[in-house]
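Here the structure comes first, spelled out in structure tokens, and everything after it is commentary.
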Amino acid sequence: MPQAIPDAIRLDGVSKSFRLDDGKTVTALEGIDLGLREGEFVAVLGPSGCGKSTVLRLIAGLETASTGAVRIEGRAPSELAAAHRLGVAFQDHALLPWLSVAQNIALPYRVAGSKVDHARVDALIELVGLTGFRDARPSQLSGGMRQRASIARALVLDPDVLLLDEPFGALDAVTRRHMNVELQRIWGTRTLTTLLVTHSVDEAIFLADRIIVMTGRPGRILREVTVPFPRPRDPSVLRTPEFHALVDELTLALDPEEAAL
Amino acid sequence: MTPRARLHRYGPPLLGIFLFCLAWQLIGTYRLAGLTWPPLTAVLAYLADPAHHQLLGRAARTTFAAVTLGYLTGTGIGLALALLTRLFRPARAGIDRLVALVHATPAIALAPVFMILMSRETIPVAISALAVTYLIYVAATSGLEATKAAHADLFRTLGARPLTAFWRLELPSALPALASGLKLAVPVSFMGAIVGEWFGASRGLGLLMISAMQNFQIPLLWAAVLLTTLTSLILYGLLGLFEAAVHRRFR
């Protein structure tokens, strides 16, 4: 067998348990083996509470595994963050309320101690459709606009790893689809290892190269699906019978009780 | 704002102030509370009389200087202690207890100690600063803990060094609580200075109140009280506006 290229991100035999206030421990993840190749877009799909956000937090270095190892390019996840090579868009946009949109998007430069590339900030503002709102504060924006600003911030330093924790969860269906198309376009322009956590089957299939389906309590990997659609993907893919067949298949996988009926 | 909305917003407080002044005036005029309660107009007339301006002005200057110095010293010490607990977390529990202990000790009980430790003129500043220190310390430490978990996560994923996170996240997150503390410290600093003057100060509004009381100079006593209260209220109101602006911006 030829020597395989090592995965950019690897989780080996990872489990994670949390101790609750009453002393009980809850196992959020168990026996997770997962690898992301460099430049691969992987979506983690699962019902709420299945531990999919915990997978993302482990890769972001915000949690440490109870057992097993999480490695990014063979190192600890915190090293990637310390090198300012990680971009994360959180479920809660996490914009700083006292900064304008432009200042929020420029924040990673300031935290990294490097000079703000104003042209790039402006280009990202345009890319996520916030032109005209660059000096607005987050409180003046709609939920969707805040999420878009948060995605622009995650991209501004041109990171090597992008983590998206249900970044479109709070959006209405139309805005969400629009954001998916935008993200797919942005993503197509460069090599960016990406993990998307979502409970939307459509979103996962449209954006990802590979989909990991998880079940909850404790969180385990149920199955893996490679998405067959070539890139760049046109929104018209969403209307093909193959797309719908895959949606049905994964929806059933997510809800085994319905499958048993 | 429409005239109607303005009436709804400012009507009740203005009515309340009017009723308060009216009650004061009526109680004084009809001697409902005895001879020691003068009508409001008598106190205002006393304040307006240029013959009393030198006495009141000199006392007010002394007291307000003590208030300012006490307020600034207390704020400085409170902030410094809060920063110390942030930079050196193991010190937190100890400093918390020390500050609470000092606060729990009545200033009156400490006064004799102050009297043998420092000059009589410094006591008002010291008691004022002591009370302000406690308030600012509590406001600043709770403010420094007000950082949202999501924001802390963001800074960690951005690879922020501790000092960067402090300047760009923890400090701005602490400002709303701190602004509330600065507002609440205003009346406290006045109280500290006035009480402090009762321990042998040679000049000041607090001293004026005591001597006017002992010499039955009722309008002078009330004039000194009114002057102190109004100044404190006005500063409290201004700091309230500052607090509202900080809350709008940083929350």
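Order determines the names: the first chain of the structure tokens is A, the second B, and so forth; residues in each chain are numbered 1 upward, and ligands are numbered 1 upward as they are shown.
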
Within 9 Å of chain A, which residues of chain B show up? Give each one with its shortest atom-to-atom distance in Å (one decimal) and the two atoms involved, counting only C-alpha atoms, rows by chain then rising residue number, as CSV.
residue,atom,partner,partner_atom,distance
B:Lys148,CA,A:Ala94,CA,8.7
B:Ala150,CA,A:Ala94,CA,5.7
B:His151,CA,A:Ala94,CA,5.5
B:Asp153,CA,A:Leu62,CA,6.8
B:Leu154,CA,A:Ala94,CA,7.0
B:Phe155,CA,A:Val111,CA,7.9
B:Arg156,CA,A:Ala81,CA,7.1
B:Thr157,CA,A:Ala81,CA,5.1
B:Leu158,CA,A:Ala81,CA,5.7
B:Gly159,CA,A:Ala82,CA,4.0
B:Ala160,CA,A:Val111,CA,5.6
B:Arg161,CA,A:Val111,CA,7.9
B:Thr164,CA,A:Val111,CA,6.4
B:Ala165,CA,A:Val111,CA,7.9
B:Arg168,CA,A:Val111,CA,8.1
B:Leu169,CA,A:Leu96,CA,8.2
B:Pro172,CA,A:Trp98,CA,7.9
B:Arg248,CA,A:Trp98,CA,8.8
B:Arg249,CA,A:Trp98,CA,5.5
B:Phe250,CA,A:Trp98,CA,4.9
B:Arg251,CA,A:Pro97,CA,6.1

Resulting file, chosen residues, N, CA and C atoms, as a tab-separated table (two decimals), in the first residue's frame:
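What landed in again-v4.tsv:
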chain	number	residue	atom	x	y	z
B	148	LYS	N	-17.87	37.73	28.68
B	148	LYS	CA	-18.75	36.65	28.21
B	148	LYS	C	-17.92	35.44	27.78
B	150	ALA	N	-18.39	33.35	25.41
B	150	ALA	CA	-18.20	33.26	23.96
B	150	ALA	C	-17.05	34.16	23.52
B	151	HIS	N	-16.95	35.35	24.14
B	151	HIS	CA	-15.85	36.25	23.79
B	151	HIS	C	-14.51	35.69	24.25
B	153	ASP	N	-13.78	32.54	24.51
B	153	ASP	CA	-13.48	31.47	23.54
B	153	ASP	C	-12.87	32.06	22.27
B	154	LEU	N	-13.49	33.13	21.79
B	154	LEU	CA	-13.00	33.77	20.57
B	154	LEU	C	-11.54	34.18	20.73
B	155	PHE	N	-11.22	34.83	21.85
B	155	PHE	CA	-9.84	35.30	22.05
B	155	PHE	C	-8.87	34.13	22.15
B	156	ARG	N	-9.33	33.02	22.74
B	156	ARG	CA	-8.44	31.86	22.81
B	156	ARG	C	-8.17	31.30	21.41
B	157	THR	N	-9.21	31.22	20.58
B	157	THR	CA	-8.99	30.68	19.23
B	157	THR	C	-8.19	31.65	18.36
B	158	LEU	N	-8.20	32.93	18.74
B	158	LEU	CA	-7.39	33.89	17.99
B	158	LEU	C	-5.94	33.88	18.46
B	159	GLY	N	-5.67	33.08	19.48
B	159	GLY	CA	-4.30	32.99	19.99
B	159	GLY	C	-3.88	34.24	20.74
B	160	ALA	N	-4.82	34.86	21.48
B	160	ALA	CA	-4.51	36.11	22.18
B	160	ALA	C	-3.61	35.83	23.39
B	161	ARG	N	-2.60	36.65	23.56
B	161	ARG	CA	-1.78	36.56	24.77
B	161	ARG	C	-2.57	37.19	25.92
B	164	THR	N	-3.00	40.96	25.87
B	164	THR	CA	-3.87	41.40	24.77
B	164	THR	C	-5.33	41.18	25.14
B	165	ALA	N	-5.63	40.00	25.70
B	165	ALA	CA	-7.00	39.69	26.09
B	165	ALA	C	-7.46	40.66	27.16
B	168	ARG	N	-8.00	44.22	25.32
B	168	ARG	CA	-9.00	44.27	24.26
B	168	ARG	C	-10.32	43.63	24.63
B	169	LEU	N	-10.33	42.83	25.72
B	169	LEU	CA	-11.58	42.15	26.08
B	169	LEU	C	-12.01	42.40	27.53
B	172	PRO	N	-12.60	46.36	28.53
B	172	PRO	CA	-13.87	46.91	28.01
B	172	PRO	C	-15.10	46.23	28.62
B	248	ARG	N	-24.59	51.84	27.14
B	248	ARG	CA	-25.04	51.77	25.74
B	248	ARG	C	-23.91	51.29	24.85
B	249	ARG	N	-22.70	51.76	25.12
B	249	ARG	CA	-21.59	51.50	24.23
B	249	ARG	C	-20.98	50.11	24.44
B	250	PHE	N	-20.89	49.68	25.69
B	250	PHE	CA	-20.09	48.49	25.98
B	250	PHE	C	-20.91	47.26	26.33
B	251	ARG	N	-22.24	47.32	26.17
B	251	ARG	CA	-23.01	46.13	26.49
B	251	ARG	C	-23.83	45.69	25.31

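Running DSSP on the backbone gives alpha helix (DSSP H) for these residues within range 16-109 of chain A: Lys52, Ser53, Thr54, Val55, Leu56, Arg57, Leu58, Ile59, Pro77, Ser78, Glu79, Leu80, Ala81, Ala82, Val101, Ala102, Gln103, Asn104, Ile105, Ala106, Leu107, Pro108 and Tyr109 of chain A.
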
Please save C-alpha atoms of the selected residues as a tab-separated table (two decimals), in the first residue's frame.
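Resulting contents of selection-v1.tsv:
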chain	number	residue	atom	x	y	z
A	52	LYS	CA	-20.87	17.61	17.48
A	53	SER	CA	-20.02	21.03	18.88
A	54	THR	CA	-17.69	19.30	21.36
A	55	VAL	CA	-15.79	17.80	18.40
A	56	LEU	CA	-15.31	21.33	17.08
A	57	ARG	CA	-14.28	22.69	20.47
A	58	LEU	CA	-11.68	19.93	20.83
A	59	ILE	CA	-10.16	20.85	17.46
A	77	PRO	CA	-4.55	22.36	18.66
A	78	SER	CA	-3.57	25.28	20.89
A	79	GLU	CA	-0.38	25.70	18.85
A	80	LEU	CA	-2.40	26.46	15.74
A	81	ALA	CA	-4.36	29.14	17.60
A	82	ALA	CA	-1.16	30.61	19.07
A	101	VAL	CA	-18.30	45.88	11.99
A	102	ALA	CA	-14.99	46.88	10.39
A	103	GLN	CA	-13.20	46.92	13.76
A	104	ASN	CA	-14.64	43.53	14.67
A	105	ILE	CA	-13.45	42.04	11.40
A	106	ALA	CA	-10.03	43.66	11.90
A	107	LEU	CA	-9.77	42.31	15.47
A	108	PRO	CA	-7.72	39.17	14.57
A	109	TYR	CA	-4.97	41.43	13.15

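Nearest residue to Ser232 in chain B among B:Ala245, B:Met213, B:Ala193, B:Ala201 is B:Ala193, counting only C-alpha atoms.
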
Residue contacts of Thr226 in chain A (9 Å, only C-alpha atoms) excluding same-chain residues fewer than 4 positions away, as a compact mmCIF listing (two decimals) with all heavy atoms, in the first residue's frame:
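part-v1.txt written:
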# COMPACT_ATOMS: atom_id res chain seq x y z
N ALA A 208 -20.01 20.22 1.76
CA ALA A 208 -18.91 19.36 2.20
C ALA A 208 -18.44 18.37 1.15
O ALA A 208 -19.15 18.01 0.21
CB ALA A 208 -19.33 18.62 3.46
N ASP A 209 -17.17 17.93 1.33
CA ASP A 209 -16.64 16.81 0.54
C ASP A 209 -17.07 15.49 1.17
O ASP A 209 -17.22 14.48 0.50
CB ASP A 209 -15.11 16.85 0.53
CG ASP A 209 -14.59 18.12 -0.09
OD1 ASP A 209 -15.11 18.52 -1.15
OD2 ASP A 209 -13.68 18.74 0.50
N ARG A 210 -17.16 15.53 2.51
CA ARG A 210 -17.45 14.30 3.24
C ARG A 210 -18.33 14.67 4.42
O ARG A 210 -18.16 15.75 5.01
CB ARG A 210 -16.11 13.72 3.74
CG ARG A 210 -16.13 12.29 4.19
CD ARG A 210 -14.74 11.66 3.94
NE ARG A 210 -13.70 12.46 4.57
CZ ARG A 210 -13.22 12.23 5.80
NH1 ARG A 210 -13.68 11.23 6.50
NH2 ARG A 210 -12.27 12.99 6.30
N ILE A 211 -19.24 13.78 4.76
CA ILE A 211 -20.17 14.06 5.85
C ILE A 211 -20.04 12.97 6.91
O ILE A 211 -20.04 11.78 6.59
CB ILE A 211 -21.62 14.15 5.34
CG1 ILE A 211 -21.76 15.30 4.35
CG2 ILE A 211 -22.60 14.33 6.50
CD1 ILE A 211 -23.09 15.35 3.66
N ILE A 212 -19.89 13.40 8.14
CA ILE A 212 -19.84 12.48 9.27
C ILE A 212 -21.19 12.58 9.98
O ILE A 212 -21.57 13.67 10.42
CB ILE A 212 -18.73 12.91 10.28
CG1 ILE A 212 -17.40 13.15 9.57
CG2 ILE A 212 -18.62 11.93 11.43
CD1 ILE A 212 -16.75 11.93 9.02

Can you tell me, as a PDB file with N, CA and C atoms, in the first residue's frame, what residues are no more than 7 Å from range 13-24 of chain A when counting only C-alpha atoms, ignoring any on the same chain fewer than 6 positions away?
ATOM      1  N   GLU A  30     -17.583   9.440  22.551  1.00  0.00           N
ATOM      2  CA  GLU A  30     -16.946   8.164  22.852  1.00  0.00           C
ATOM      3  C   GLU A  30     -16.386   7.563  21.563  1.00  0.00           C
ATOM      4  N   GLY A  31     -15.133   7.138  21.624  1.00  0.00           N
ATOM      5  CA  GLY A  31     -14.515   6.412  20.511  1.00  0.00           C
ATOM      6  C   GLY A  31     -14.549   7.141  19.180  1.00  0.00           C
ATOM      7  N   ILE A  32     -14.202   8.419  19.185  1.00  0.00           N
ATOM      8  CA  ILE A  32     -14.235   9.193  17.941  1.00  0.00           C
ATOM      9  C   ILE A  32     -12.893   9.063  17.221  1.00  0.00           C
ATOM     10  N   ASP A  33     -12.931   8.498  16.016  1.00  0.00           N
ATOM     11  CA  ASP A  33     -11.760   8.472  15.132  1.00  0.00           C
ATOM     12  C   ASP A  33     -12.134   9.262  13.902  1.00  0.00           C
ATOM     13  N   ALA A  65      -9.330  16.493  25.338  1.00  0.00           N
ATOM     14  CA  ALA A  65      -9.950  15.174  25.305  1.00  0.00           C
ATOM     15  C   ALA A  65      -9.717  14.462  26.634  1.00  0.00           C
ATOM     16  N   SER A  66     -10.744  13.696  27.091  1.00  0.00           N
ATOM     17  CA  SER A  66     -10.581  12.918  28.327  1.00  0.00           C
ATOM     18  C   SER A  66      -9.664  11.734  28.061  1.00  0.00           C
ATOM     19  N   THR A  67      -9.873  11.073  26.911  1.00  0.00           N
ATOM     20  CA  THR A  67      -8.926  10.049  26.463  1.00  0.00           C
ATOM     21  C   THR A  67      -8.703  10.254  24.972  1.00  0.00           C
ATOM     22  N   GLY A  68      -7.624   9.647  24.468  1.00  0.00           N
ATOM     23  CA  GLY A  68      -7.324   9.806  23.046  1.00  0.00           C
ATOM     24  C   GLY A  68      -6.577  11.088  22.781  1.00  0.00           C
ATOM     25  N   ALA A  69      -6.324  11.365  21.490  1.00  0.00           N
ATOM     26  CA  ALA A  69      -5.512  12.521  21.136  1.00  0.00           C
ATOM     27  C   ALA A  69      -6.124  13.294  19.983  1.00  0.00           C
TER      28      ALA A  69
END

Would you work out the distance separating CA of Glu197 in chain B from CA of Gln214 in chain B, expressed in Å to one decimal?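 These atoms are spaced 15.1 Å apart.
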
Need the shell around His103 in chain B: protein/DNA/RNA residues with any atom at most 10 Å away, counting only C-alpha atoms. Skip same-chain ones fewer than 3 positions apart. Format as a PyMOL selection string? chain B and resi 97-100+106-107+130-135
